$ cat my_file09.txt   # compact mmCIF, C-alpha atoms (C1' of nucleotides)
# COMPACT_ATOMS: atom_id res chain seq x y z
CA MET A 1070 -222.31 -204.27 2.89
CA GLN A 1071 -221.29 -200.93 4.26
CA VAL A 1072 -221.72 -197.90 2.08
CA ILE A 1073 -220.58 -194.51 3.25
CA ALA A 1074 -222.35 -191.75 1.40
CA ARG A 1075 -222.89 -188.06 1.83
CA PRO A 1076 -225.69 -186.08 0.23
CA ILE A 1077 -224.84 -184.08 -2.86
CA SER A 1078 -225.54 -180.43 -2.23
CA ARG A 1079 -227.58 -178.50 -4.74
CA ASP A 1080 -224.77 -176.16 -5.68
CA GLU A 1081 -222.58 -179.10 -6.66
CA LEU A 1082 -224.96 -179.93 -9.48
CA PRO A 1083 -223.65 -178.75 -12.86
CA ALA A 1084 -225.92 -176.06 -14.22
CA ASP A 1085 -225.82 -177.52 -17.71
CA THR A 1086 -228.19 -180.46 -17.81
CA ALA A 1087 -226.09 -182.59 -20.16
CA ASN A 1088 -223.21 -182.05 -17.76
CA LEU A 1089 -225.44 -183.06 -14.89
CA ALA A 1090 -226.25 -186.30 -16.69
CA ARG A 1091 -222.51 -187.01 -16.90
CA PHE A 1092 -221.91 -185.89 -13.35
CA LEU A 1093 -224.44 -188.38 -12.03
CA ILE A 1094 -222.64 -191.38 -13.54
CA GLY A 1095 -220.93 -193.09 -10.62
CA LYS A 1096 -222.95 -191.25 -8.02
CA LEU A 1097 -225.33 -193.05 -5.68
CA VAL A 1098 -229.07 -193.16 -5.40
CA LEU A 1099 -230.26 -193.99 -1.90
CA ARG A 1100 -233.74 -195.06 -0.91
CA ALA A 1101 -234.84 -195.39 2.69
CA LEU A 1102 -237.21 -198.35 2.67
CA PRO A 1103 -239.08 -199.42 5.79
CA ASP A 1104 -236.74 -202.32 6.39
CA ALA A 1105 -233.52 -201.32 4.65
CA LEU A 1106 -231.51 -198.58 3.05
CA ALA A 1107 -231.20 -199.43 -0.61
CA VAL A 1108 -228.10 -198.05 -2.33
CA ALA A 1109 -227.16 -198.22 -5.99
CA ARG A 1110 -224.49 -196.71 -8.20
CA ILE A 1111 -225.83 -194.86 -11.22
CA VAL A 1112 -224.38 -196.22 -14.47
CA GLU A 1113 -226.69 -194.79 -17.13
CA THR A 1114 -228.50 -191.46 -17.55
CA GLU A 1115 -230.18 -189.37 -20.22
CA ALA A 1116 -230.56 -185.60 -20.42
CA TYR A 1117 -233.80 -183.95 -21.51
CA LEU A 1118 -233.51 -180.29 -22.39
CA ALA A 1119 -235.95 -177.42 -22.62
CA ASP A 1120 -235.51 -177.01 -26.36
CA ASP A 1121 -235.59 -180.75 -26.97
CA ALA A 1122 -238.74 -182.15 -28.55
CA ALA A 1123 -238.34 -185.42 -26.65
CA CYS A 1124 -238.57 -183.61 -23.33
CA HIS A 1125 -241.93 -183.64 -21.57
CA ALA A 1126 -241.42 -179.98 -20.74
CA PHE A 1127 -240.99 -179.02 -24.38
CA ARG A 1128 -244.57 -177.79 -24.72
CA GLY A 1129 -244.73 -176.05 -21.38
CA PRO A 1130 -245.89 -176.94 -17.90
CA THR A 1131 -248.67 -179.45 -17.24
CA PRO A 1132 -249.76 -181.07 -13.98
CA ARG A 1133 -247.58 -184.06 -14.75
CA ASN A 1134 -244.33 -182.30 -15.62
CA ARG A 1135 -244.61 -179.43 -13.18
CA ALA A 1136 -241.70 -180.66 -11.03
CA MET A 1137 -239.33 -180.14 -13.96
CA PHE A 1138 -240.05 -176.42 -13.85
CA GLY A 1139 -239.12 -176.20 -10.19
CA PRO A 1140 -235.64 -175.85 -8.72
CA PRO A 1141 -232.80 -178.28 -9.53
CA GLY A 1142 -232.08 -181.41 -7.56
CA HIS A 1143 -235.65 -182.58 -7.10
CA ALA A 1144 -237.38 -185.71 -8.35
CA TYR A 1145 -239.60 -185.70 -11.40
CA VAL A 1146 -241.45 -189.01 -11.34
CA TYR A 1147 -243.96 -189.94 -14.00
CA ARG A 1148 -245.71 -193.00 -15.36
CA ALA A 1149 -244.58 -194.23 -18.76
CA TYR A 1150 -246.77 -196.33 -21.03
CA GLY A 1151 -249.23 -196.64 -18.20
CA VAL A 1152 -246.99 -199.23 -16.64
CA CYS A 1153 -243.66 -198.07 -15.25
CA TRP A 1154 -242.46 -195.20 -13.11
CA MET A 1155 -239.51 -193.12 -14.27
CA LEU A 1156 -237.14 -191.29 -11.95
CA ASN A 1157 -235.64 -188.01 -13.15
CA VAL A 1158 -233.49 -185.38 -11.48
CA THR A 1159 -234.69 -181.87 -12.22
CA ASN A 1160 -232.27 -179.19 -13.32
CA ALA A 1161 -232.15 -175.70 -14.82
CA ALA A 1162 -233.53 -172.48 -13.44
CA VAL A 1163 -237.02 -172.24 -12.02
CA GLY A 1164 -239.40 -171.89 -14.93
CA VAL A 1165 -237.17 -173.87 -17.29
CA GLY A 1166 -238.07 -177.55 -17.68
CA GLU A 1167 -235.04 -179.82 -17.88
CA ALA A 1168 -234.20 -183.10 -16.19
CA VAL A 1169 -231.96 -186.16 -16.20
CA LEU A 1170 -233.54 -189.60 -16.43
CA ILE A 1171 -231.86 -192.24 -14.28
CA ARG A 1172 -231.91 -195.27 -16.56
CA ALA A 1173 -229.85 -197.91 -14.82
CA ALA A 1174 -227.82 -198.53 -11.69
CA GLU A 1175 -225.70 -201.16 -10.04
CA PRO A 1176 -227.19 -202.49 -6.80
CA LEU A 1177 -224.83 -202.12 -3.87
CA SER A 1178 -226.86 -202.51 -0.72
CA GLY A 1179 -230.35 -203.53 0.30
CA LEU A 1180 -230.53 -206.17 -2.42
CA ASP A 1181 -233.02 -208.26 -0.46
CA ALA A 1182 -235.47 -205.38 -0.27
CA MET A 1183 -235.06 -204.67 -3.98
CA GLN A 1184 -235.64 -208.32 -4.83
CA ARG A 1185 -238.82 -208.22 -2.82
CA HIS A 1186 -240.18 -205.49 -5.07
CA ARG A 1187 -238.98 -206.97 -8.31
CA GLY A 1188 -239.49 -210.64 -7.78
CA ASP A 1189 -236.83 -213.23 -8.25
CA VAL A 1190 -234.78 -211.69 -11.02
CA PRO A 1191 -231.02 -211.87 -11.43
CA THR A 1192 -229.11 -209.17 -9.57
CA ARG A 1193 -227.95 -207.80 -12.88
CA ASP A 1194 -231.55 -207.05 -13.89
CA LEU A 1195 -232.68 -205.45 -10.64
CA LEU A 1196 -232.06 -201.87 -11.76
CA ARG A 1197 -231.28 -202.31 -15.44
CA GLY A 1198 -233.79 -200.02 -17.12
CA PRO A 1199 -235.65 -197.01 -15.75
CA GLY A 1200 -238.89 -198.82 -14.98
CA ARG A 1201 -237.10 -201.65 -13.23
CA LEU A 1202 -235.07 -199.18 -11.21
CA ALA A 1203 -238.16 -197.40 -9.98
CA GLY A 1204 -239.79 -200.73 -9.22
CA ALA A 1205 -236.90 -202.10 -7.21
CA LEU A 1206 -236.63 -198.90 -5.20
CA ALA A 1207 -240.41 -198.59 -4.73
CA ILE A 1208 -240.48 -195.18 -6.35
CA ASP A 1209 -243.86 -193.83 -7.45
CA ARG A 1210 -245.92 -190.69 -7.80
CA SER A 1211 -245.52 -189.96 -4.10
CA HIS A 1212 -241.87 -189.06 -4.74
CA ASP A 1213 -242.64 -186.56 -7.47
CA GLY A 1214 -241.11 -183.26 -6.39
CA ALA A 1215 -239.07 -184.74 -3.54
CA ASP A 1216 -235.82 -183.01 -2.66
CA LEU A 1217 -232.93 -185.27 -3.66
CA CYS A 1218 -230.22 -183.14 -2.06
CA ALA A 1219 -230.88 -184.08 1.55
CA ARG A 1220 -231.16 -187.34 3.43
CA GLY A 1221 -234.73 -188.47 3.21
CA ALA A 1222 -236.86 -191.15 1.62
CA LEU A 1223 -234.95 -190.74 -1.63
CA TRP A 1224 -231.72 -188.87 -2.19
CA LEU A 1225 -228.54 -188.64 -4.22
CA GLY A 1226 -225.19 -189.35 -2.65
CA ALA A 1227 -221.50 -189.49 -3.33
CA ASP A 1228 -218.96 -191.76 -1.73
CA GLY A 1229 -215.43 -190.56 -1.31
CA GLY A 1230 -214.03 -193.44 -3.26
CA ALA A 1231 -215.24 -195.05 -6.39
CA SER A 1232 -217.32 -192.26 -7.82
CA GLY A 1233 -214.34 -189.96 -7.53
CA ILE A 1234 -212.12 -192.07 -9.74
CA ILE A 1235 -214.47 -192.08 -12.69
CA GLY A 1236 -212.91 -189.79 -15.24
CA SER A 1237 -214.41 -188.50 -18.43
CA GLY A 1238 -212.68 -191.32 -20.30
CA ASP A 1239 -214.74 -193.88 -18.41
CA ILE A 1240 -218.02 -192.40 -19.56
CA GLY A 1241 -219.50 -193.19 -22.96
CA THR A 1242 -222.01 -191.13 -24.91
CA SER A 1243 -224.78 -192.28 -27.22
CA THR A 1244 -228.17 -191.38 -28.54
CA ARG A 1245 -231.10 -191.84 -26.22
CA ILE A 1246 -233.26 -194.92 -26.03
CA GLY A 1247 -236.90 -195.32 -26.93
CA ILE A 1248 -237.67 -191.88 -28.29
CA THR A 1249 -238.57 -190.65 -31.75
CA ARG A 1250 -238.33 -186.87 -31.64
CA ASP A 1251 -234.84 -185.38 -31.56
CA ALA A 1252 -233.59 -188.94 -31.37
CA HIS A 1253 -230.22 -188.09 -32.87
CA LEU A 1254 -228.98 -185.98 -29.97
CA PRO A 1255 -226.06 -187.50 -28.03
CA LEU A 1256 -227.59 -187.06 -24.60
CA ARG A 1257 -227.27 -190.54 -23.12
CA PHE A 1258 -224.32 -191.26 -20.85
CA TYR A 1259 -223.11 -194.54 -19.41
CA LEU A 1260 -220.28 -196.05 -17.41
CA LYS A 1261 -218.16 -197.92 -19.91
CA GLY A 1262 -217.79 -201.61 -19.23
CA SER A 1263 -220.58 -201.82 -16.68
CA ARG A 1264 -222.65 -205.01 -16.73
CA PHE A 1265 -225.65 -203.08 -15.47
CA LEU A 1266 -226.50 -201.04 -18.56
CA SER A 1267 -229.80 -201.20 -20.41
CA GLY A 1268 -230.21 -200.86 -24.14
CA PRO A 1269 -228.56 -202.58 -27.08
CA ALA A 1270 -224.86 -203.37 -26.88
CA ALA A 1271 -224.18 -201.17 -29.87
CA LEU A 1272 -225.17 -198.14 -27.81
CA ASN A 1273 -222.97 -199.21 -24.94
CA GLY A 1274 -219.70 -199.01 -26.76
CA GLN A 1275 -219.48 -202.69 -27.59
CA GLY A 1276 -219.02 -202.92 -31.29
CA LYS A 1277 -220.16 -206.13 -32.79
CA PRO A 1278 -218.69 -209.07 -31.00
CA ARG A 1279 -215.42 -209.87 -32.71
CA SER A 1280 -213.75 -213.13 -33.24
CA GLY A 1281 -211.81 -214.19 -30.23
CA SER A 1282 -212.54 -213.12 -26.74
CA GLY A 1283 -215.79 -211.37 -27.39
CA HIS A 1284 -216.03 -211.07 -23.70
CA SER A 1285 -217.16 -208.28 -21.51
CA ALA A 1286 -214.78 -205.65 -20.39
CA PRO A 1287 -213.68 -205.80 -16.78
CA VAL A 1288 -216.42 -204.62 -14.51
CA MET A 1289 -215.53 -201.60 -12.53
CA PHE A 1290 -216.94 -200.65 -9.22
CA ASP A 1291 -218.97 -203.69 -8.44
CA GLY A 1292 -218.68 -205.26 -5.07
CA ASP A 1293 -217.81 -203.51 -1.89
CA VAL A 1294 -217.69 -199.77 -1.97
CA LYS A 1295 -215.37 -199.54 0.94
CA GLY A 1296 -211.79 -200.30 0.26
CA LYS A 1297 -211.89 -199.31 -3.35
CA GLY A 1298 -211.62 -195.71 -2.47
CA ARG A 1299 -209.06 -193.10 -2.56
CA ALA A 1300 -206.89 -193.22 -5.67
CA HIS A 1301 -207.08 -189.53 -6.06
CA ASP A 1302 -209.56 -187.27 -4.46
CA ARG A 1303 -209.22 -184.71 -7.10
CA LYS A 1304 -212.51 -183.37 -8.23
CA ALA A 1305 -210.86 -181.30 -10.89
CA ASP A 1306 -211.58 -183.72 -13.67
CA ARG A 1307 -215.17 -182.78 -13.66
CA GLU A 1308 -214.64 -179.36 -15.15
CA ASN A 1309 -216.17 -179.08 -18.54
CA PRO A 1310 -216.75 -182.76 -19.07
CA LEU A 1311 -218.80 -182.18 -22.14
CA ASP A 1312 -216.66 -181.91 -25.21
CA ARG A 1313 -218.79 -179.72 -27.30
C1' DA B 961 -265.66 -186.60 -25.63
C1' DC B 962 -262.47 -189.88 -28.27
C1' DA B 963 -258.35 -191.44 -30.42
C1' DT B 964 -253.44 -191.89 -30.28
C1' DA B 965 -248.63 -191.89 -29.18
C1' DG B 966 -245.23 -192.51 -25.82
C1' DA B 967 -238.36 -191.39 -22.08
C1' DT B 968 -241.23 -199.52 -21.01
C1' DT B 969 -241.28 -204.11 -19.38
C1' DC B 970 -243.03 -208.77 -19.12
C1' DT B 971 -244.66 -212.87 -21.31
C1' DC B 972 -245.07 -215.71 -24.56
C1' DT B 973 -243.76 -217.63 -29.42
C1' DG C 924 -239.49 -210.86 -32.15
C1' DA C 925 -244.45 -209.63 -31.22
C1' DG C 926 -248.25 -208.35 -28.21
C1' DA C 927 -250.30 -206.82 -23.94
C1' DA C 928 -250.75 -203.97 -20.03
C1' DT C 929 -252.59 -199.35 -19.04
C1' DC C 930 -251.58 -193.73 -17.58
C1' DT C 931 -250.96 -188.98 -19.28
C1' DA C 932 -251.15 -185.28 -22.42
C1' DT C 933 -252.44 -183.62 -26.73
C1' DG C 934 -255.01 -182.99 -30.96
C1' DT C 935 -259.47 -183.40 -33.29
C1' DG C 936 -264.71 -183.80 -33.71

$ encode --input "my_file09.txt" --output "structure tokens"
Amino acid sequence: MQVIARPISRDELPADTANLARFLIGKLVLRALPDALAVARIVETEAYLADDAACHAFRGPTPRNRAMFGPPGHAYVYRAYGVCWMLNVTNAAVGVGEAVLIRAAEPLSGLDAMQRHRGDVPTRDLLRGPGRLAGALAIDRSHDGADLCARGALWLGADGGASGIIGSGDIGTSTRIGITRDAHLPLRFYLKGSRFLSGPAALNGQGKPRSGSGHSAPVMFDGDVKGKGRAHDRKADRENPLDR
DNA sequence: ACATAGATTCTCT
DNA sequence: GAGAATCTATGTG
């Protein structure tokens, strides 16, 4: 599959970290592997803020979280539960520790390479969950601090088409997954109707399955990136996406 | 120095 | 649904 992507420049990133988490829904994460360029569309993110007790930076800088205190648009990669790697996008001014966790994505290109890292799992599960995502893209400690705003081993991209037609109405909000402190904050964002979301259905906007259809909403933006493009190129709908 | 909790996932049962 | 695997930072002795 052909995917046309351009890097996202640092000054495009919303300064507010919750807004950045929304902004990244529909954007691309690209990973240059030895044998392939892996591309995936981000469908689920969480924001972690400086005054948020669930944020690793809450108690100040440590060797592990130091990347979060650097400039925006870099990777903060850490090991969770001694098992999985987590990919975050740093944000906020230098000296302020905030970041957006990339929780799930829809695989678009380089699926063979991702399968090689993850074993023989269904395509739907390749990148569904932050640890799986890092595994499929072979992300580890070596990427901690990497610049995500330029083509390299790991970077963020936008394609002219599909990501541009995601409006604020297509993005759901919920509480974050797997945390205990400040767990009530609505800082998780997801692409409504995507099949590639992690977490319980109740957090993904699916009420309890009702009588009747009970079937998944139409999947948006899966399949070929090219040819879905251009509805409107307006980037105006990203102003003030957060309604609070 | 040691114990513990945690932004998780896989493998059983 | 429960347990294991296993790294990092923090709080306590």

$ closest_residue --input "my_file09.txt" --among "A:Ala1126, A:Ala1227, A:Leu1272, A:Val1158" --to "chain C" --atoms "all atoms listed in the file"
A:Ala1126

$ atom_distance --input "my_file09.txt" --atom1 "CA of Gly1095 (chain A)" --atom2 "CA of Thr1244 (chain A)"
19.4 Å

$ residues_near_point --input "my_file09.txt" --point "(-251.4, -184.6, -28.1)" --cutoff "8 Å" --atoms "all atoms listed in the file" --output "PyMOL selection string"
(chain B and resi 964-965) or (chain C and resi 932-934)

$ write_last_selection --input "my_file09.txt" --atoms "C-alpha atoms (C1' of nucleotides)" --output "short mmCIF file (atom, residue, chain, number, x, y, z; two decimals), keeping the file's coordinate frame"
data_model
loop_
_atom_site.label_atom_id
_atom_site.label_comp_id
_atom_site.auth_asym_id
_atom_site.auth_seq_id
_atom_site.Cartn_x
_atom_site.Cartn_y
_atom_site.Cartn_z
"C1'" DT B 964 -253.44 -191.89 -30.28
"C1'" DA B 965 -248.63 -191.89 -29.18
"C1'" DA C 932 -251.15 -185.28 -22.42
"C1'" DT C 933 -252.44 -183.62 -26.73
"C1'" DG C 934 -255.01 -182.99 -30.96
#

$ interface_residues --input "my_file09.txt" --of "chain A" --to "chain C" --cutoff "8 Å" --atoms "all atoms listed in the file" --output "VMD selection string"
chain A and resid 1133 1148 to 1152

$ interface_residues --input "my_file09.txt" --of "chain A" --to "chain B" --cutoff "12 Å" --atoms "only C-alpha atoms (C1' of nucleotides)" --output "PyMOL selection string"
chain A and resi 1114-1117+1122-1126+1146-1157+1168-1172+1187+1190+1194+1197-1204+1245-1252+1256-1257+1267-1268

$ atom_distance --input "my_file09.txt" --atom1 "CA of Met1183 (chain A)" --atom2 "CA of Val1098 (chain A)"
13.1 Å

$ atom_distance --input "my_file09.txt" --atom1 "CA of Pro1176 (chain A)" --atom2 "CA of Ile1077 (chain A)"
19.0 Å
